[in-house]
$ cat protein.csv   # CSV, C-alpha atoms
chain,number,residue,atom,x,y,z
A,316,MET,CA,-8.7,-15.5,8.4
A,317,THR,CA,-12.1,-14.5,9.4
A,318,GLU,CA,-15.1,-15.5,7.3
A,319,ALA,CA,-15.1,-13.8,3.9
A,320,LEU,CA,-17.0,-13.8,0.7
A,321,THR,CA,-14.8,-14.4,-2.3
A,322,LEU,CA,-15.7,-11.9,-5.1
A,323,ILE,CA,-13.1,-12.8,-7.8
A,324,GLU,CA,-10.1,-15.1,-7.8
A,325,ASP,CA,-7.7,-16.9,-10.1
A,326,GLU,CA,-4.8,-19.2,-9.5
A,327,SER,CA,-2.6,-16.6,-7.9
A,328,VAL,CA,-4.8,-14.0,-6.1
A,329,ALA,CA,-8.2,-13.6,-4.5
A,330,VAL,CA,-10.4,-10.6,-3.8
A,331,LYS,CA,-12.6,-11.1,-0.7
A,332,MET,CA,-15.0,-9.2,1.4
A,333,PRO,CA,-14.5,-10.1,5.1
A,334,ARG,CA,-17.4,-10.2,7.5
A,335,HIS,CA,-15.2,-8.5,10.0
A,336,GLY,CA,-13.9,-5.4,8.3
A,337,PHE,CA,-13.1,-1.8,8.9
A,338,VAL,CA,-16.3,-0.8,7.1
A,339,ALA,CA,-18.9,-2.5,4.8
A,340,GLY,CA,-17.4,-3.0,1.4
A,341,HIS,CA,-13.9,-3.4,2.8
A,342,LEU,CA,-12.0,-5.7,0.4
A,343,ILE,CA,-8.9,-7.7,0.9
A,344,ILE,CA,-6.6,-8.7,-1.9
A,345,THR,CA,-4.5,-11.7,-0.9
A,346,PRO,CA,-2.0,-13.8,-2.8
A,347,LYS,CA,-2.4,-17.6,-3.0
A,348,SER,CA,1.2,-17.9,-1.7
A,349,ASP,CA,2.7,-18.6,1.6
A,350,ALA,CA,4.5,-15.2,1.5
A,351,MET,CA,4.0,-13.7,4.9
A,352,ILE,CA,5.5,-10.3,4.2
A,353,VAL,CA,5.7,-8.1,1.1
A,354,GLU,CA,9.4,-8.7,0.7
A,355,GLU,CA,8.8,-12.4,0.1
A,356,LEU,CA,6.3,-11.9,-2.7
A,357,GLU,CA,7.4,-12.3,-6.3
A,358,GLN,CA,7.4,-8.8,-7.7
A,359,ALA,CA,5.0,-9.8,-10.5
A,360,LEU,CA,2.5,-11.0,-7.9
A,361,LEU,CA,2.7,-7.8,-5.9
A,362,MET,CA,2.2,-5.9,-9.1
A,363,LYS,CA,-0.9,-7.9,-9.8
A,364,MET,CA,-2.2,-7.1,-6.3
A,365,PHE,CA,-1.6,-3.4,-6.8
A,366,THR,CA,-3.1,-3.5,-10.3
A,367,LEU,CA,-6.3,-5.1,-8.8
A,368,GLY,CA,-6.3,-2.8,-5.8
A,369,ASN,CA,-6.0,0.4,-7.8
A,370,ARG,CA,-8.5,-0.6,-10.4
A,371,LEU,CA,-11.0,-1.8,-7.8
A,372,ALA,CA,-10.4,1.4,-5.9
A,373,GLY,CA,-11.7,3.2,-9.0
A,374,MET,CA,-14.7,0.8,-9.2
A,375,LEU,CA,-15.7,1.4,-5.6
A,376,PHE,CA,-16.5,5.1,-6.2
A,377,GLU,CA,-19.4,4.0,-8.5
A,378,ALA,CA,-20.3,0.7,-7.1
A,379,LEU,CA,-20.6,1.8,-3.5
A,380,GLY,CA,-20.9,5.5,-3.9
A,381,CYS,CA,-18.0,6.1,-1.6
A,382,ASP,CA,-16.1,9.4,-1.5
A,383,GLY,CA,-12.6,8.0,-1.2
A,384,THR,CA,-10.5,4.9,-0.7
A,385,ASN,CA,-7.6,3.8,1.3
A,386,LEU,CA,-5.0,1.2,0.3
A,387,PHE,CA,-3.3,-0.3,3.3
A,388,ILE,CA,-0.7,-3.0,4.1
A,389,GLN,CA,0.2,-4.1,7.6
A,390,ASN,CA,3.6,-5.6,7.0
A,391,GLY,CA,4.6,-7.4,10.2
A,392,VAL,CA,3.0,-7.8,13.6
A,393,ALA,CA,4.4,-4.5,14.8
A,394,ALA,CA,2.6,-2.9,11.9
A,395,GLY,CA,-0.7,-4.5,12.9
A,396,GLN,CA,-0.6,-7.7,10.8
A,397,VAL,CA,-2.8,-10.4,12.2
A,398,ASP,CA,-3.0,-12.9,9.3
A,399,GLU,CA,-0.1,-15.1,8.2
A,400,THR,CA,-0.3,-14.0,4.6
A,401,VAL,CA,0.2,-10.7,2.9
A,402,ILE,CA,-3.0,-8.7,2.6
A,403,LEU,CA,-3.6,-5.5,0.6
A,404,HIS,CA,-6.6,-3.8,2.2
A,405,LEU,CA,-8.9,-1.7,0.0
A,406,ILE,CA,-11.2,0.4,2.2
A,407,PRO,CA,-14.0,2.6,0.8
A,408,ARG,CA,-14.4,5.8,2.7
A,409,TRP,CA,-17.3,8.1,3.3
A,410,GLU,CA,-17.6,11.6,4.8
A,411,GLU,CA,-19.2,10.4,8.0
A,412,ASP,CA,-17.5,7.1,8.6
A,413,ASP,CA,-15.9,6.6,11.9
A,414,LEU,CA,-12.6,5.2,10.7
A,415,ASP,CA,-9.5,6.9,11.9
A,416,PHE,CA,-6.3,6.5,10.0
A,417,SER,CA,-5.0,9.8,11.2
A,418,TRP,CA,-1.5,10.2,12.5
A,419,SER,CA,0.5,13.0,14.0
A,420,LYS,CA,3.5,14.1,12.1
A,421,GLN,CA,6.3,16.4,13.1
A,422,GLU,CA,8.8,18.3,11.1
A,423,MET,CA,12.2,16.6,11.4
A,424,PRO,CA,15.3,18.8,11.6
A,425,GLU,CA,17.5,18.6,8.5
A,426,SER,CA,20.4,17.2,10.6
A,427,GLU,CA,18.3,14.3,11.8
A,428,LEU,CA,16.9,13.7,8.3
A,429,GLY,CA,20.5,13.6,7.2
A,430,LYS,CA,21.3,10.9,9.7
A,431,VAL,CA,18.4,8.8,8.6
A,432,HIS,CA,19.5,9.2,5.0
A,433,LYS,CA,23.1,8.3,5.8
A,434,GLN,CA,22.0,5.2,7.7
A,435,LEU,CA,19.8,4.0,4.8
A,436,GLU,CA,22.5,4.8,2.2
A,437,PHE,CA,25.0,2.8,4.2
A,438,ALA,CA,22.6,-0.2,4.4
A,439,LYS,CA,22.0,0.0,0.7
A,440,GLU,CA,25.7,0.0,-0.1
A,441,ASN,CA,26.3,-2.9,2.3
A,442,ASP,CA,23.5,-5.1,1.1
A,443,GLY,CA,21.1,-4.2,3.9
A,444,GLN,CA,23.4,-5.0,6.7
A,445,GLY,CA,24.3,-2.8,9.7
A,446,GLY,CA,22.7,0.4,8.7
A,447,THR,CA,23.3,1.8,12.1
A,448,ALA,CA,27.0,1.3,11.8
A,449,ALA,CA,27.0,4.4,9.6
A,450,LEU,CA,26.3,6.4,12.7
A,451,ASP,CA,28.8,4.6,15.0
A,452,GLY,CA,26.0,3.3,17.2
A,453,GLU,CA,24.9,6.7,18.2
A,454,THR,CA,21.2,6.3,17.4
A,455,GLU,CA,18.5,5.1,19.6
A,456,LYS,CA,18.0,2.1,17.3
A,457,ALA,CA,21.5,0.7,17.8
A,458,GLU,CA,20.4,-1.5,20.7
A,459,THR,CA,17.6,-3.1,18.7
A,460,VAL,CA,19.9,-4.1,15.9
A,461,GLU,CA,22.5,-5.5,18.3
A,462,ALA,CA,19.9,-7.5,20.0
A,463,GLU,CA,18.7,-9.0,16.7
A,464,GLU,CA,22.2,-9.8,15.7
A,465,GLU,CA,22.9,-11.7,18.9
A,466,ASP,CA,20.2,-14.3,18.5
A,467,GLU,CA,20.1,-14.8,14.8
A,468,VAL,CA,22.7,-15.5,12.2
A,469,VAL,CA,22.1,-13.2,9.3
A,470,GLU,CA,22.0,-15.3,6.2
A,471,GLY,CA,20.0,-13.9,3.3
A,472,GLY,CA,18.0,-10.9,4.2
A,473,ASP,CA,14.6,-12.2,3.2
A,474,ASN,CA,14.7,-15.3,5.2
A,475,TYR,CA,16.1,-13.6,8.2
A,476,TYR,CA,13.3,-11.1,8.3
A,477,ALA,CA,10.7,-13.6,7.6
A,478,LYS,CA,11.8,-15.5,10.7
A,479,GLN,CA,11.6,-12.4,12.7
A,480,PHE,CA,8.0,-11.9,11.6
A,481,LYS,CA,7.0,-15.5,12.2
A,482,ARG,CA,8.3,-15.2,15.7
A,483,GLY,CA,5.8,-12.5,16.3
A,484,PHE,CA,2.9,-14.8,15.4
A,485,ARG,CA,3.6,-17.4,18.0
B,354,MET,CA,13.5,9.0,-17.6
B,355,GLN,CA,11.4,12.2,-17.4
B,356,GLY,CA,12.9,15.5,-18.2
B,357,PRO,CA,12.4,18.6,-16.1
B,358,SER,CA,8.8,19.6,-15.7
B,359,SER,CA,9.3,22.8,-17.6
B,360,SER,CA,10.0,20.9,-20.8
B,361,GLN,CA,6.9,18.6,-20.4
B,362,PRO,CA,3.9,19.6,-22.5
B,363,GLY,CA,0.6,19.9,-20.8
B,364,ARG,CA,1.9,19.9,-17.4
B,365,GLY,CA,1.0,23.4,-16.2
B,366,GLN,CA,-0.6,21.9,-13.1
B,367,GLY,CA,2.7,20.3,-12.2
B,368,GLN,CA,4.3,23.7,-11.7
B,369,GLN,CA,2.3,24.3,-8.6
B,370,ASN,CA,2.4,20.7,-7.4
B,371,ILE,CA,5.3,20.4,-4.9
B,372,PHE,CA,5.1,16.6,-4.9
B,373,TYR,CA,5.3,16.4,-8.6
B,374,ARG,CA,8.3,18.7,-8.6
B,375,LEU,CA,9.9,16.6,-5.8
B,376,ALA,CA,9.2,13.5,-7.9
B,377,GLN,CA,10.8,15.1,-10.9
B,378,GLY,CA,13.8,16.1,-8.9
B,379,ASP,CA,13.2,19.8,-9.5
B,380,ILE,CA,13.2,20.3,-5.8
B,381,PRO,CA,16.1,18.6,-3.9
B,382,SER,CA,15.1,15.8,-1.6
B,383,LYS,CA,16.7,12.8,0.1
B,384,THR,CA,16.1,10.1,-2.4
B,385,MET,CA,16.1,6.6,-1.2
B,386,PHE,CA,15.0,4.8,-4.3
B,387,GLU,CA,14.2,5.7,-7.9
B,388,ASN,CA,12.9,3.9,-11.0
B,389,ASP,CA,11.4,5.1,-14.2
B,390,GLU,CA,8.0,5.7,-12.7
B,391,PHE,CA,8.6,6.7,-9.1
B,392,ARG,CA,11.0,8.5,-6.8
B,393,ALA,CA,11.0,7.5,-3.1
B,394,ILE,CA,12.1,10.3,-0.7
B,395,LEU,CA,12.4,10.8,3.0
B,396,ASP,CA,9.3,12.7,4.4
B,397,LYS,CA,10.4,15.9,6.0
B,398,GLU,CA,7.5,15.6,8.4
B,399,PRO,CA,7.7,11.9,9.3
B,400,VAL,CA,5.2,10.0,11.3
B,401,THR,CA,8.0,7.8,12.5
B,402,ARG,CA,11.8,8.1,11.8
B,403,GLY,CA,12.5,6.9,8.3
B,404,HIS,CA,9.0,7.6,6.9
B,405,VAL,CA,9.3,7.4,3.1
B,406,LEU,CA,7.0,8.9,0.4
B,407,ILE,CA,6.9,7.1,-2.9
B,408,LEU,CA,5.9,9.7,-5.5
B,409,PRO,CA,4.9,9.0,-9.1
B,410,LYS,CA,6.9,11.0,-11.6
B,411,GLU,CA,3.8,11.5,-13.7
B,412,GLN,CA,1.1,14.0,-12.7
B,413,VAL,CA,-1.3,11.5,-11.1
B,414,GLN,CA,-3.9,12.4,-8.5
B,415,ILE,CA,-5.3,9.0,-7.5
B,416,THR,CA,-4.1,5.4,-7.9
B,417,PRO,CA,-7.0,4.2,-10.1
B,418,GLN,CA,-5.2,6.3,-12.8
B,419,PHE,CA,-2.1,4.2,-12.6
B,420,THR,CA,-0.9,2.6,-15.9
B,421,PRO,CA,0.4,-1.0,-15.9
B,422,GLU,CA,3.9,0.4,-16.0
B,423,MET,CA,3.2,2.4,-12.8
B,424,ASN,CA,1.7,-0.6,-11.0
B,425,GLU,CA,4.9,-2.6,-11.9
B,426,GLY,CA,7.1,0.3,-10.8
B,427,LEU,CA,5.1,0.6,-7.6
B,428,ALA,CA,5.6,-3.1,-6.7
B,429,GLU,CA,9.3,-2.7,-7.1
B,430,ALA,CA,9.5,0.6,-5.2
B,431,VAL,CA,7.4,-0.7,-2.3
B,432,GLN,CA,9.5,-3.9,-1.9
B,433,GLU,CA,12.8,-2.0,-2.2
B,434,VAL,CA,11.8,0.7,0.3
B,435,SER,CA,10.1,-1.6,2.8
B,436,GLN,CA,13.1,-3.9,2.8
B,437,LEU,CA,15.5,-1.0,3.2
B,438,LEU,CA,13.6,0.3,6.2
B,439,LEU,CA,13.5,-3.2,7.9
B,440,GLN,CA,17.1,-3.8,7.3
B,441,GLY,CA,18.6,-0.3,7.4
B,442,LEU,CA,16.7,1.0,10.4
B,443,GLY,CA,16.0,-2.3,12.2
B,444,ALA,CA,12.3,-1.6,11.9
B,445,ASP,CA,10.0,-4.4,13.1
B,446,GLY,CA,7.4,-3.8,10.4
B,447,THR,CA,6.2,-1.3,7.8
B,448,ASN,CA,2.8,0.1,6.9
B,449,VAL,CA,2.1,1.0,3.3
B,450,PHE,CA,-0.7,3.6,3.1
B,451,VAL,CA,-2.4,5.4,0.3
B,452,ALA,CA,-5.3,7.9,0.5
B,453,ASN,CA,-7.4,8.4,-2.6
B,454,GLY,CA,-9.6,11.4,-1.9
B,455,ALA,CA,-9.8,14.0,0.8
B,456,VAL,CA,-12.2,12.0,3.0
B,457,ALA,CA,-9.6,9.2,3.0
B,458,GLY,CA,-7.0,11.6,4.2
B,459,GLN,CA,-5.5,12.9,1.0
B,460,ASN,CA,-4.2,16.4,1.3
B,461,ALA,CA,-2.2,16.9,-1.9
B,462,PRO,CA,-3.2,16.8,-5.6
B,463,HIS,CA,-0.7,14.0,-6.2
B,464,VAL,CA,-0.5,10.4,-5.3
B,465,LEU,CA,1.6,9.8,-2.1
B,466,VAL,CA,2.4,6.2,-1.2
B,467,HIS,CA,3.5,6.3,2.4
B,468,VAL,CA,5.9,3.6,3.7
B,469,ILE,CA,6.1,3.9,7.5
B,470,PRO,CA,8.6,2.0,9.6
B,471,ARG,CA,7.0,0.5,12.7
B,472,HIS,CA,8.6,-0.6,15.9
B,473,GLU,CA,7.0,-2.8,18.6
B,474,ASN,CA,4.9,-0.8,21.0
B,475,ASP,CA,5.6,2.5,19.1
B,476,GLY,CA,2.2,3.7,20.1
B,477,LEU,CA,1.4,5.0,16.7
B,478,GLY,CA,-2.4,5.4,16.2
B,479,LEU,CA,-2.4,3.8,12.8
B,480,ASN,CA,-4.2,0.8,14.1
B,481,PRO,CA,-7.7,0.4,12.8
B,482,GLN,CA,-9.7,-2.4,14.3
B,483,PRO,CA,-12.0,-4.6,12.3
B,484,LYS,CA,-15.6,-5.0,13.5
B,485,LYS,CA,-18.5,-7.2,12.6
B,486,ILE,CA,-20.3,-5.8,9.6
B,487,SER,CA,-24.0,-6.1,9.9
B,488,ASP,CA,-25.6,-8.7,7.7
B,489,GLU,CA,-27.7,-6.1,6.0
B,490,ALA,CA,-24.8,-3.9,5.2
B,491,PHE,CA,-22.7,-6.8,4.1
B,492,ASP,CA,-25.3,-8.2,1.8
B,493,GLU,CA,-25.9,-4.8,0.2
B,494,ALA,CA,-22.2,-4.2,-0.4
B,495,ALA,CA,-21.8,-7.8,-1.8
B,496,GLU,CA,-24.7,-7.4,-4.2
B,497,ARG,CA,-23.4,-4.0,-5.5
B,498,LEU,CA,-19.9,-5.3,-5.9
B,499,GLN,CA,-20.9,-8.5,-7.6
B,500,SER,CA,-23.0,-6.6,-9.9
B,501,ALA,CA,-20.2,-4.1,-10.7
B,502,LEU,CA,-17.7,-6.9,-11.2
B,503,GLY,CA,-20.1,-8.9,-13.4
B,504,VAL,CA,-19.8,-11.9,-11.2
B,505,GLN,CA,-22.7,-14.1,-10.1
B,506,GLY,CA,-23.2,-14.5,-6.4
B,507,ASP,CA,-25.7,-16.0,-4.1
B,508,VAL,CA,-27.4,-12.6,-3.9
B,509,GLU,CA,-30.4,-12.2,-6.2
B,510,ARG,CA,-30.0,-9.5,-8.7
B,511,SER,CA,-33.0,-7.2,-8.6
B,512,ASP,CA,-32.7,-5.6,-12.0
B,513,GLY,CA,-33.3,-8.8,-13.8
B,514,SER,CA,-30.3,-8.4,-16.0
B,515,SER,CA,-28.5,-11.4,-17.3
B,516,PRO,CA,-25.7,-12.6,-15.1
B,517,ASP,CA,-24.0,-14.0,-18.2
B,518,ARG,CA,-21.3,-11.4,-18.9
B,519,GLN,CA,-19.9,-13.4,-21.8
B,520,GLN,CA,-23.0,-12.5,-23.9
B,521,GLN,CA,-24.3,-9.4,-22.3
B,522,GLY,CA,-21.2,-7.6,-21.3
B,523,HIS,CA,-21.4,-6.6,-17.7
B,524,GLY,CA,-22.3,-3.0,-16.9
B,525,ALA,CA,-24.0,-2.7,-20.2
B,526,ASP,CA,-27.3,-2.0,-18.5
B,527,SER,CA,-26.0,0.7,-16.2
B,528,GLY,CA,-23.9,2.4,-18.8
B,529,GLU,CA,-20.9,2.5,-16.5
B,530,ASP,CA,-17.6,3.5,-18.1
B,531,VAL,CA,-15.4,1.9,-15.5
B,532,ASP,CA,-13.1,-0.6,-17.1
B,533,LEU,CA,-14.1,-3.6,-15.2
B,534,ASP,CA,-13.4,-6.0,-18.1
B,535,ALA,CA,-9.8,-5.3,-17.3
B,536,VAL,CA,-10.3,-6.5,-13.7
B,537,GLN,CA,-12.2,-9.6,-14.5
B,538,ASP,CA,-10.8,-10.6,-17.8
B,539,GLN,CA,-7.4,-9.2,-18.1
B,540,PHE,CA,-6.1,-9.6,-14.7
B,541,LEU,CA,-7.9,-12.7,-13.4
$ encode --input "protein.csv" --output "structure tokens"
Amino acid sequence: MTEALTLIEDESVAVKMPRHGFVAGHLIITPKSDAMIVEELEQALLMKMFTLGNRLAGMLFEALGCDGTNLFIQNGVAAGQVDETVILHLIPRWEEDDLDFSWSKQEMPESELGKVHKQLEFAKENDGQGGTAALDGETEKAETVEAEEEDEVVEGGDNYYAKQFKRGFR
Amino acid sequence: MQGPSSSQPGRGQGQQNIFYRLAQGDIPSKTMFENDEFRAILDKEPVTRGHVLILPKEQVQITPQFTPEMNEGLAEAVQEVSQLLLQGLGADGTNVFVANGAVAGQNAPHVLVHVIPRHENDGLGLNPQPKKISDEAFDEAAERLQSALGVQGDVERSDGSSPDRQQQGHGADSGEDVDLDAVQDQFL
């Protein structure tokens, strides 16, 4: 973690302002827990982080005179995570700031949406395992899942995925 | 559980709000998760395959308006949806993203919590880079935030008000109506 000023904290969370941020006034809300990804957090702790984030988001409008706020979580290295703990970013926004969170989106055909839906429903019904099996390995993601299954025994979804994430930090 | 929007008093706005109607189930969608406060649906215009929108069932425009029940429901929904995308789609990560206000990227009069599956090297531009904040900008933001939060920092307060919020009550001098007691006293 880069150098940061702690604004408020208690035994379970801290709100800090990092000296390297997306913009001045960028706050990070971080649990005092070794949870690396959101799925590992106790739900009550994540609720506390969201409560703080959403209330502080309201406070920023007046305190900093910003025009908007973003809440942002990078869950996993592939999602941009660089620290080994969960961080909820709270980012004040102004009309003329040079931050770019824009993305391009594309309408997805109903048939493809249906496939995604089927895949996720299958995963839900089978305790998270083998979502792609619902599509008989037809999707582009089938290879990824096979590769993961080869080198790791799946035992308890949370731990399995935590290991995958930790691997990314090495 | 909420009834249909047409039976809800004081929800005229909701009639025109497509995301509210989606959340209420008035418009069919591919629902991936649901609790009392939120419905999570597949975005028909996804950033990446499996992009999910978590929509509050109440007519709420920005997340500072969330009730404690909504924050609790959000925590559950985010965990469930993110886990489902990691496991069900083999995603390598997820981004959770909320925009409060148009300048932040909000384009609907309803809170949208995006959960976006990420894959290594997916080339998605959702990759802001932190930069060194100038000392001047940092100190100014720190002073304003410490003042708003009623916490004492190493930054001198220029208005001469008492830093002792126990006696004075923070924000009393500025007349702010933001409920910061809740932040400092209720949640920490």
$ residues_near_point --input "protein.csv" --point "(-1.2, 13.0, 17.1)" --cutoff "9 Å" --atoms "all atoms listed in the file" --output "PyMOL selection string"
(chain A and resi 417-420) or (chain B and resi 477-478)
$ write_last_selection --input "protein.csv" --atoms "C-alpha atoms" --output "PDB file, in the frame of the given file"
ATOM      1  CA  SER A 417      -5.000   9.800  11.200  1.00  0.00           C
ATOM      2  CA  TRP A 418      -1.500  10.200  12.500  1.00  0.00           C
ATOM      3  CA  SER A 419       0.500  13.000  14.000  1.00  0.00           C
ATOM      4  CA  LYS A 420       3.500  14.100  12.100  1.00  0.00           C
TER       5      LYS A 420
ATOM      6  CA  LEU B 477       1.400   5.000  16.700  1.00  0.00           C
ATOM      7  CA  GLY B 478      -2.400   5.400  16.200  1.00  0.00           C
TER       8      GLY B 478
END
$ closest_residue --input "protein.csv" --among "B:Pro421, B:Pro381, B:Gly503, B:Gly446" --to "Thr401 of chain B" --atoms "only C-alpha atoms"
B:Gly446
$ closest_residue --input "protein.csv" --among "A:His404, A:Lys430, A:His341, A:His335" --to "chain B" --atoms "all atoms listed in the file"
A:His335
$ interface_residues --input "protein.csv" --of "chain B" --to "chain A" --cutoff "7 Å" --atoms "all atoms listed in the file" --output "PyMOL selection string"
chain B and resi 383+397-400+403+416-417+424-425+428-429+432+436-437+440-443+445-457+471-473+478-486+490-491+494+497-499+501+531+536+541
$ atom_distance --input "protein.csv" --atom1 "atom CA of Ile469 of chain B" --atom2 "atom CA of Lys347 of chain A"
25.4 Å
$ atom_distance --input "protein.csv" --atom1 "atom CA of Asn460 of chain B" --atom2 "atom CA of Thr345 of chain A"
28.2 Å
$ atom_distance --input "protein.csv" --atom1 "atom CA of Ser348 of chain A" --atom2 "atom CA of Ser435 of chain B"
19.1 Å
